[in-house]
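Novice: Structure file query.cif, mmCIF, C-alpha atoms, is pasted below:
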```cif
data_upload
loop_
_atom_site.group_PDB
_atom_site.id
_atom_site.type_symbol
_atom_site.label_atom_id
_atom_site.label_comp_id
_atom_site.auth_asym_id
_atom_site.auth_seq_id
_atom_site.Cartn_x
_atom_site.Cartn_y
_atom_site.Cartn_z
ATOM 1 C CA MET A 12 0.000 0.000 0.000
ATOM 2 C CA VAL A 13 1.119 3.548 -0.615
ATOM 3 C CA SER A 14 1.884 5.868 2.256
ATOM 4 C CA GLY A 15 1.788 9.613 2.778
ATOM 5 C CA ARG A 16 -0.736 12.103 1.445
ATOM 6 C CA THR A 17 -2.345 10.873 -1.752
ATOM 7 C CA PRO A 18 -3.332 13.777 -4.002
ATOM 8 C CA HIS A 19 -6.960 13.859 -5.023
ATOM 9 C CA ARG A 20 -6.030 14.672 -8.608
ATOM 10 C CA ILE A 21 -2.962 14.754 -10.823
ATOM 11 C CA ALA A 22 -3.435 16.785 -14.009
ATOM 12 C CA LEU A 23 -1.181 16.917 -17.067
ATOM 13 C CA VAL A 24 -1.440 20.145 -19.058
ATOM 14 C CA HIS A 25 -0.287 19.042 -22.506
ATOM 15 C CA ASP A 26 -0.371 19.525 -26.254
ATOM 16 C CA PHE A 27 -0.325 16.750 -28.824
ATOM 17 C CA VAL A 28 2.421 18.305 -30.968
ATOM 18 C CA CYS A 29 4.804 18.541 -28.006
ATOM 19 C CA ALA A 30 7.356 15.730 -27.761
ATOM 20 C CA ARG A 31 7.972 16.423 -24.074
ATOM 21 C CA SER A 32 4.230 16.114 -23.473
ATOM 22 C CA TYR A 33 4.296 12.699 -25.126
ATOM 23 C CA LEU A 34 7.185 11.581 -22.940
ATOM 24 C CA ALA A 35 5.553 12.895 -19.756
ATOM 25 C CA PHE A 36 2.200 11.338 -20.687
ATOM 26 C CA THR A 37 3.799 7.951 -21.342
ATOM 27 C CA ARG A 38 5.750 7.966 -18.083
ATOM 28 C CA LEU A 39 2.810 9.302 -16.074
ATOM 29 C CA ARG A 40 0.419 6.695 -17.426
ATOM 30 C CA ARG A 41 2.894 3.935 -16.568
ATOM 31 C CA ALA A 42 3.540 5.407 -13.117
ATOM 32 C CA HIS A 43 -0.197 5.737 -12.519
ATOM 33 C CA ALA A 44 -0.776 2.076 -13.383
ATOM 34 C CA LEU A 45 1.912 1.043 -10.894
ATOM 35 C CA HIS A 46 0.507 3.423 -8.302
ATOM 36 C CA ARG A 47 -2.948 1.878 -8.626
ATOM 37 C CA ALA A 48 -1.431 -1.602 -8.394
ATOM 38 C CA GLU A 49 0.038 -0.536 -5.042
ATOM 39 C CA GLY A 50 -3.402 0.515 -3.843
ATOM 40 C CA GLY A 51 -3.105 4.216 -4.653
ATOM 41 C CA THR A 52 -6.204 6.210 -5.533
ATOM 42 C CA ALA A 53 -4.883 9.363 -7.218
ATOM 43 C CA ARG A 54 -6.987 10.377 -10.214
ATOM 44 C CA LEU A 55 -5.216 11.165 -13.481
ATOM 45 C CA VAL A 56 -6.692 13.975 -15.581
ATOM 46 C CA LEU A 57 -5.628 15.433 -18.934
ATOM 47 C CA ARG A 58 -6.003 19.167 -19.497
ATOM 48 C CA PRO A 59 -5.607 20.729 -22.948
ATOM 49 C CA TYR A 60 -3.115 23.391 -23.954
ATOM 50 C CA GLN A 61 -2.284 24.744 -27.396
ATOM 51 C CA ILE A 62 1.295 25.769 -28.079
ATOM 52 C CA ARG A 63 0.258 27.318 -31.391
ATOM 53 C CA PRO A 64 -3.483 28.081 -31.243
ATOM 54 C CA ASP A 65 -3.277 29.925 -34.563
ATOM 55 C CA ALA A 66 -1.670 27.029 -36.471
ATOM 56 C CA PRO A 67 -3.625 26.157 -39.639
ATOM 57 C CA ALA A 68 -5.635 22.939 -39.622
ATOM 58 C CA GLU A 69 -4.340 22.107 -43.105
ATOM 59 C CA GLY A 70 -0.998 21.297 -41.520
ATOM 60 C CA GLU A 71 2.512 21.271 -42.927
ATOM 61 C CA PRO A 72 5.541 19.018 -42.594
ATOM 62 C CA LEU A 73 7.227 19.665 -39.266
ATOM 63 C CA PHE A 74 10.521 19.858 -41.139
ATOM 64 C CA ASP A 75 9.272 22.875 -43.122
ATOM 65 C CA LEU A 76 8.265 24.661 -39.915
ATOM 66 C CA HIS A 77 11.630 23.974 -38.294
ATOM 67 C CA ARG A 78 13.554 25.005 -41.400
ATOM 68 C CA ARG A 79 11.649 28.288 -41.565
ATOM 69 C CA GLU A 80 12.033 29.091 -37.872
ATOM 70 C CA ARG A 81 15.299 27.410 -36.873
ATOM 71 C CA GLY A 82 17.287 27.062 -40.070
ATOM 72 C CA GLU A 83 18.197 24.215 -42.401
ATOM 73 C CA ALA A 84 20.855 22.574 -40.237
ATOM 74 C CA VAL A 85 18.697 22.372 -37.113
ATOM 75 C CA ALA A 86 15.706 21.165 -39.111
ATOM 76 C CA ARG A 87 17.741 18.365 -40.668
ATOM 77 C CA ALA A 88 19.166 17.331 -37.293
ATOM 78 C CA ILE A 89 15.714 17.111 -35.721
ATOM 79 C CA ARG A 90 14.311 15.231 -38.705
ATOM 80 C CA ALA A 91 17.072 12.637 -38.470
ATOM 81 C CA ASP A 92 16.804 12.112 -34.706
ATOM 82 C CA ARG A 93 15.420 8.668 -33.805
ATOM 83 C CA THR A 94 16.728 8.587 -30.230
ATOM 84 C CA LEU A 95 14.205 10.759 -28.393
ATOM 85 C CA GLY A 96 11.636 8.563 -26.701
ATOM 86 C CA ALA A 97 13.381 5.309 -27.578
ATOM 87 C CA ALA A 98 14.150 4.549 -23.930
ATOM 88 C CA ASP A 99 10.440 4.881 -23.194
ATOM 89 C CA GLY A 100 9.469 2.485 -25.976
ATOM 90 C CA LEU A 101 8.295 5.261 -28.315
ATOM 91 C CA ASP A 102 9.019 5.664 -32.007
ATOM 92 C CA LEU A 103 9.120 9.409 -32.655
ATOM 93 C CA ARG A 104 9.333 10.063 -36.389
ATOM 94 C CA PHE A 105 10.022 13.756 -36.833
ATOM 95 C CA ASP A 106 10.568 13.045 -40.512
ATOM 96 C CA ARG A 107 6.865 12.152 -40.836
ATOM 97 C CA ALA A 108 5.207 14.585 -38.427
ATOM 98 C CA VAL A 109 2.637 16.999 -39.835
ATOM 99 C CA PHE A 110 2.461 20.108 -37.670
ATOM 100 C CA THR A 111 -1.116 21.296 -37.313
ATOM 101 C CA ASN A 112 -3.735 22.894 -35.092
ATOM 102 C CA THR A 113 -4.576 20.669 -32.132
ATOM 103 C CA ARG A 114 -7.954 22.054 -31.072
ATOM 104 C CA ALA A 115 -9.904 19.262 -32.809
ATOM 105 C CA ALA A 116 -7.674 16.620 -31.212
ATOM 106 C CA HIS A 117 -8.300 18.110 -27.773
ATOM 107 C CA HIS A 118 -12.022 18.186 -28.531
ATOM 108 C CA LEU A 119 -11.937 14.486 -29.370
ATOM 109 C CA THR A 120 -10.111 13.788 -26.107
ATOM 110 C CA ALA A 121 -12.820 15.693 -24.229
ATOM 111 C CA GLN A 122 -15.426 13.508 -25.917
ATOM 112 C CA ALA A 123 -13.421 10.429 -24.967
ATOM 113 C CA ALA A 124 -13.195 11.638 -21.365
ATOM 114 C CA ALA A 125 -16.997 11.659 -21.191
ATOM 115 C CA GLN A 126 -16.785 7.938 -22.023
ATOM 116 C CA HIS A 127 -13.863 7.227 -19.645
ATOM 117 C CA ARG A 128 -11.488 6.674 -22.564
ATOM 118 C CA ALA A 129 -9.411 9.853 -22.412
ATOM 119 C CA LEU A 130 -6.086 8.122 -21.749
ATOM 120 C CA ASP A 131 -6.516 5.611 -24.565
ATOM 121 C CA MET A 132 -7.607 8.356 -26.948
ATOM 122 C CA ALA A 133 -4.703 10.606 -26.019
ATOM 123 C CA ALA A 134 -2.215 7.775 -26.465
ATOM 124 C CA ARG A 135 -3.579 7.117 -29.947
ATOM 125 C CA LEU A 136 -3.485 10.795 -30.893
ATOM 126 C CA PHE A 137 0.115 11.148 -29.755
ATOM 127 C CA ARG A 138 1.094 8.079 -31.769
ATOM 128 C CA ALA A 139 -0.849 9.309 -34.794
ATOM 129 C CA TYR A 140 1.106 12.549 -34.770
ATOM 130 C CA PHE A 141 4.572 11.415 -33.790
ATOM 131 C CA THR A 142 4.758 7.958 -35.369
ATOM 132 C CA ASP A 143 2.148 7.650 -38.105
ATOM 133 C CA GLY A 144 2.588 11.094 -39.657
ATOM 134 C CA LEU A 145 -1.153 11.810 -39.646
ATOM 135 C CA ASN A 146 -2.771 15.236 -39.624
ATOM 136 C CA ILE A 147 -4.612 15.157 -36.304
ATOM 137 C CA ALA A 148 -6.739 18.140 -37.341
ATOM 138 C CA ASP A 149 -8.262 16.258 -40.281
ATOM 139 C CA PRO A 150 -11.879 15.271 -39.465
ATOM 140 C CA HIS A 151 -11.593 12.005 -41.388
ATOM 141 C CA VAL A 152 -8.397 11.058 -39.533
ATOM 142 C CA LEU A 153 -10.008 11.880 -36.198
ATOM 143 C CA ALA A 154 -13.122 9.873 -37.037
ATOM 144 C CA ASP A 155 -10.985 6.846 -37.874
ATOM 145 C CA LEU A 156 -8.953 7.202 -34.672
ATOM 146 C CA ALA A 157 -12.097 7.584 -32.581
ATOM 147 C CA ALA A 158 -13.563 4.434 -34.103
ATOM 148 C CA GLU A 159 -10.301 2.586 -33.468
ATOM 149 C CA VAL A 160 -10.373 3.483 -29.779
ATOM 150 C CA GLY A 161 -14.113 2.970 -29.487
ATOM 151 C CA VAL A 162 -15.120 6.582 -28.829
ATOM 152 C CA ARG A 163 -18.648 7.452 -29.917
ATOM 153 C CA PRO A 164 -19.691 10.922 -31.112
ATOM 154 C CA GLU A 165 -20.786 13.140 -28.247
ATOM 155 C CA PRO A 166 -22.700 16.432 -28.216
ATOM 156 C CA ASP A 167 -20.502 19.326 -29.277
ATOM 157 C CA LEU A 168 -18.135 20.228 -26.428
ATOM 158 C CA GLY A 169 -16.659 23.253 -28.186
ATOM 159 C CA GLY A 170 -17.837 25.720 -25.568
ATOM 160 C CA HIS A 171 -16.452 23.612 -22.749
ATOM 161 C CA LEU A 172 -13.130 23.237 -24.569
ATOM 162 C CA THR A 173 -12.860 26.976 -25.231
ATOM 163 C CA ALA A 174 -13.371 27.670 -21.544
ATOM 164 C CA GLU A 175 -10.850 25.028 -20.521
ATOM 165 C CA LEU A 176 -8.220 26.335 -22.947
ATOM 166 C CA ALA A 177 -8.734 29.798 -21.512
ATOM 167 C CA ARG A 178 -8.170 28.404 -18.018
ATOM 168 C CA THR A 179 -4.984 26.588 -18.982
ATOM 169 C CA ARG A 180 -3.543 29.461 -21.036
ATOM 170 C CA HIS A 181 -1.690 30.761 -17.963
ATOM 171 C CA LEU A 182 -0.861 27.248 -16.694
ATOM 172 C CA GLY A 183 0.667 25.690 -19.788
ATOM 173 C CA SER A 184 4.122 26.142 -21.251
ATOM 174 C CA PRO A 185 5.242 26.546 -24.883
ATOM 175 C CA THR A 186 8.276 24.365 -24.177
ATOM 176 C CA GLY A 187 6.756 21.357 -22.462
ATOM 177 C CA PRO A 188 4.007 19.888 -20.291
ATOM 178 C CA VAL A 189 3.031 21.109 -16.839
ATOM 179 C CA LEU A 190 2.060 18.698 -14.083
ATOM 180 C CA LEU A 191 -0.423 19.814 -11.426
ATOM 181 C CA ALA A 192 -1.001 18.045 -8.119
ATOM 182 C CA ASP A 193 -4.269 19.191 -6.557
ATOM 183 C CA GLY A 194 -4.053 22.282 -8.755
ATOM 184 C CA HIS A 195 -0.488 23.209 -7.847
ATOM 185 C CA PRO A 196 2.408 22.978 -10.352
ATOM 186 C CA VAL A 197 5.015 20.335 -9.476
ATOM 187 C CA LEU A 198 8.074 18.759 -11.100
ATOM 188 C CA SER A 199 9.939 19.785 -14.227
ATOM 189 C CA GLU A 200 9.004 19.562 -17.895
ATOM 190 C CA GLU A 201 10.907 16.260 -18.195
ATOM 191 C CA PRO A 202 10.013 14.264 -15.067
ATOM 192 C CA THR A 203 11.331 10.755 -14.629
ATOM 193 C CA GLU A 204 8.971 7.863 -13.984
ATOM 194 C CA GLU A 205 10.234 7.579 -10.404
ATOM 195 C CA GLU A 206 9.582 11.283 -9.779
ATOM 196 C CA LEU A 207 6.073 10.799 -11.111
ATOM 197 C CA ARG A 208 5.468 7.795 -8.864
ATOM 198 C CA ASN A 209 6.602 9.824 -5.855
ATOM 199 C CA CYS A 210 4.317 12.657 -6.922
ATOM 200 C CA LEU A 211 1.366 10.286 -7.154
ATOM 201 C CA ARG A 212 2.134 9.024 -3.663
ATOM 202 C CA THR A 213 2.705 12.362 -1.952
ATOM 203 C CA GLY A 214 1.472 15.159 -4.209
ATOM 204 C CA ALA A 215 4.987 16.628 -4.590
ATOM 205 C CA PRO A 216 8.461 15.388 -5.604
ATOM 206 C CA ARG A 217 10.574 13.935 -2.831
#
```
What does the file become when written as structure tokens?
Specialist:
Amino acid sequence: MVSGRTPHRIALVHDFVCARSYLAFTRLRRAHALHRAEGGTARLVLRPYQIRPDAPAEGEPLFDLHRRERGEAVARAIRADRTLGAADGLDLRFDRAVFTNTRAAHHLTAQAAAQHRALDMAARLFRAYFTDGLNIADPHVLADLAAEVGVRPEPDLGGHLTAELARTRHLGSPTGPVLLADGHPVLSEEPTEEELRNCLRTGAPR
């Protein structure tokens, strides 16, 4: 059994086009499963954040964005990198990624949350973006992913999502995810799995 104060809720403020968010989500989900196996009761919640809320839904190759903003050499180095995430069992393919607006992906996750499938849906969306090279703003892509995970269409949650994005605007970070324990920011943008397990046990890093 776990000891110490168990936080009522652990929230991950994330965006689907953020590699650090993907790493934190993967480690947190694994840590949460172990925490529950130990008898822990902390609740894991996903909260949406958009790094680029004005990004076009049509999307563009991530390489083109990096080349335009960071230069050719940096863009080529990122595109060729296959090491990030490998230790966590992830296959991040920056050479395939299509950078796009993530509002629709967050909306789908909100729909999934109403059906208690938010974590499965988020995992699939991250993999669709970082591994499969899919445009996660495309309605047809999202419909296929929803069907794959078993998420049914829900009433439009656009108003709820707009309000939630407004709430997280001051909580999120353009450089990585933010972890909240009972509403309070904890840990760094690249927490280890052990740090996350400690956070689930106590509500703060040890």
Novice: Tell me which residues the PyMOL selection byres ((chain A and resi 138-154) around 8) grabs here, as a PDB file with C-alpha atoms, in the coordinates of the input.
Specialist:
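Dumped everything to part-v1.pdb:
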```
ATOM      1  CA  PHE A  27      -0.325  16.750 -28.824  1.00  0.00           C
ATOM      2  CA  VAL A  28       2.421  18.305 -30.968  1.00  0.00           C
ATOM      3  CA  ALA A  30       7.356  15.730 -27.761  1.00  0.00           C
ATOM      4  CA  ALA A  68      -5.635  22.939 -39.622  1.00  0.00           C
ATOM      5  CA  GLU A  69      -4.340  22.107 -43.105  1.00  0.00           C
ATOM      6  CA  GLY A  70      -0.998  21.297 -41.520  1.00  0.00           C
ATOM      7  CA  ASP A 102       9.019   5.664 -32.007  1.00  0.00           C
ATOM      8  CA  LEU A 103       9.120   9.409 -32.655  1.00  0.00           C
ATOM      9  CA  ARG A 104       9.333  10.063 -36.389  1.00  0.00           C
ATOM     10  CA  PHE A 105      10.022  13.756 -36.833  1.00  0.00           C
ATOM     11  CA  ARG A 107       6.865  12.152 -40.836  1.00  0.00           C
ATOM     12  CA  ALA A 108       5.207  14.585 -38.427  1.00  0.00           C
ATOM     13  CA  VAL A 109       2.637  16.999 -39.835  1.00  0.00           C
ATOM     14  CA  PHE A 110       2.461  20.108 -37.670  1.00  0.00           C
ATOM     15  CA  THR A 111      -1.116  21.296 -37.313  1.00  0.00           C
ATOM     16  CA  ASN A 112      -3.735  22.894 -35.092  1.00  0.00           C
ATOM     17  CA  THR A 113      -4.576  20.669 -32.132  1.00  0.00           C
ATOM     18  CA  ARG A 114      -7.954  22.054 -31.072  1.00  0.00           C
ATOM     19  CA  ALA A 115      -9.904  19.262 -32.809  1.00  0.00           C
ATOM     20  CA  ALA A 116      -7.674  16.620 -31.212  1.00  0.00           C
ATOM     21  CA  LEU A 119     -11.937  14.486 -29.370  1.00  0.00           C
ATOM     22  CA  ALA A 134      -2.215   7.775 -26.465  1.00  0.00           C
ATOM     23  CA  ARG A 135      -3.579   7.117 -29.947  1.00  0.00           C
ATOM     24  CA  LEU A 136      -3.485  10.795 -30.893  1.00  0.00           C
ATOM     25  CA  PHE A 137       0.115  11.148 -29.755  1.00  0.00           C
ATOM     26  CA  ASP A 155     -10.985   6.846 -37.874  1.00  0.00           C
ATOM     27  CA  LEU A 156      -8.953   7.202 -34.672  1.00  0.00           C
ATOM     28  CA  ALA A 157     -12.097   7.584 -32.581  1.00  0.00           C
ATOM     29  CA  ALA A 158     -13.563   4.434 -34.103  1.00  0.00           C
TER      30      ALA A 158
END
```
Novice: Between A:Ala177, A:Leu55, A:Leu73, A:Val197, single out the one closest to Arg87 in chain A, counting all atoms listed in the file.
Specialist: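 When distances to Arg87 in chain A are compared using all atoms listed in the file, the smallest one comes from A:Leu73.
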Novice: Translate the PyMOL selection byres ((chain A and resi 205) around 10), as applied to the file shown, into an explicit residue set as a CSV table (one decimal) with C-alpha atoms, in the coordinates of the input.
Specialist:
```
chain,number,residue,atom,x,y,z
A,38,ARG,CA,5.8,8.0,-18.1
A,39,LEU,CA,2.8,9.3,-16.1
A,42,ALA,CA,3.5,5.4,-13.1
A,202,PRO,CA,10.0,14.3,-15.1
A,203,THR,CA,11.3,10.8,-14.6
A,204,GLU,CA,9.0,7.9,-14.0
A,206,GLU,CA,9.6,11.3,-9.8
A,207,LEU,CA,6.1,10.8,-11.1
A,208,ARG,CA,5.5,7.8,-8.9
A,209,ASN,CA,6.6,9.8,-5.9
A,210,CYS,CA,4.3,12.7,-6.9
A,211,LEU,CA,1.4,10.3,-7.2
A,216,PRO,CA,8.5,15.4,-5.6
A,217,ARG,CA,10.6,13.9,-2.8
```
Novice: Determine, counting only C-alpha atoms, which protein, DNA and RNA residues have an atom within 9 Å of an atom of Leu182 in chain A; residues of the same chain fewer than 5 positions away are not included. Present the result as a list in words.
Specialist: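 Surrounding residues, per the criterion: Val24, Tyr60, Val189 and Pro196 of chain A.
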Novice: Store the residues of this selection in a file with C-alpha atoms, as a short mmCIF file (atom, residue, chain, number, x, y, z; two decimals), keeping the file's coordinate frame.
Specialist:
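So the final result, stored in out-v7.cif, reads:
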```cif
data_model
loop_
_atom_site.label_atom_id
_atom_site.label_comp_id
_atom_site.auth_asym_id
_atom_site.auth_seq_id
_atom_site.Cartn_x
_atom_site.Cartn_y
_atom_site.Cartn_z
CA VAL A 24 -1.44 20.14 -19.06
CA TYR A 60 -3.12 23.39 -23.95
CA VAL A 189 3.03 21.11 -16.84
CA PRO A 196 2.41 22.98 -10.35
#
```
Novice: Compare A:His127, A:Pro188, A:Ala133, A:Leu34 by their minimum atom-to-atom distance to Ala22 in chain A, counting all atoms listed in the file, and give me the closest one.
Specialist: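 Of A:His127, A:Pro188, A:Ala133, A:Leu34, the one nearest Ala22 in chain A is A:Pro188, counting all atoms listed in the file.
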Novice: Quick one, how far is CA of Val56 in chain A from CA of Ile21 in chain A?
Specialist: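 About the pair CA of Val56 in chain A and CA of Ile21 in chain A: they are 6.1 Å apart.
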Novice: Could you tell me how far CA of His43 in chain A sits from CA of Gly169 in chain A, in Å to one decimal place?
Specialist: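 Going from CA of Gly169 in chain A over to CA of His43 in chain A, I get 28.7 Å.
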Novice: Using CA of Ala125 in chain A and CA of Gly50 in chain A as the two end points, give the distance in Å to one decimal.
Specialist: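 These atoms are spaced 24.7 Å apart.
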Novice: Nearest to Arg20 in chain A among A:Arg54, A:Arg63, A:Arg90, A:His77, with distances taken over all atoms listed in the file: which residue is it?
Specialist: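 Among the listed residues, A:Arg54 lies closest to Arg20 in chain A.
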Novice: When you count only C-alpha atoms, which of these residues is closest to Glu159 in chain A: A:Arg47, A:Arg79, A:Arg212, A:Arg128?
Specialist: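 Of the candidates, the smallest distance to Glu159 in chain A is held by A:Arg128.
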Novice: Which one of A:Glu175, A:Asp99, A:Glu49, A:Asp106 sits closest to Asp75 in chain A if you count only C-alpha atoms?
Specialist: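 The answer is A:Asp106, which sits nearest to Asp75 in chain A.
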Novice: Apply the PyMOL selection byres ((chain A and resi 172) around 9) to the displayed file and report the matching residues as number ranges by chain.
Specialist: A: 59, 114, 117-118, 121, 168-171, 173-177
Novice: Point out the residue among A:Ala88, A:Ala44, A:Val160, A:Ala66 with the least atom-to-atom distance to Gln126 in chain A, counting all atoms listed in the file.
Specialist: A:Val160
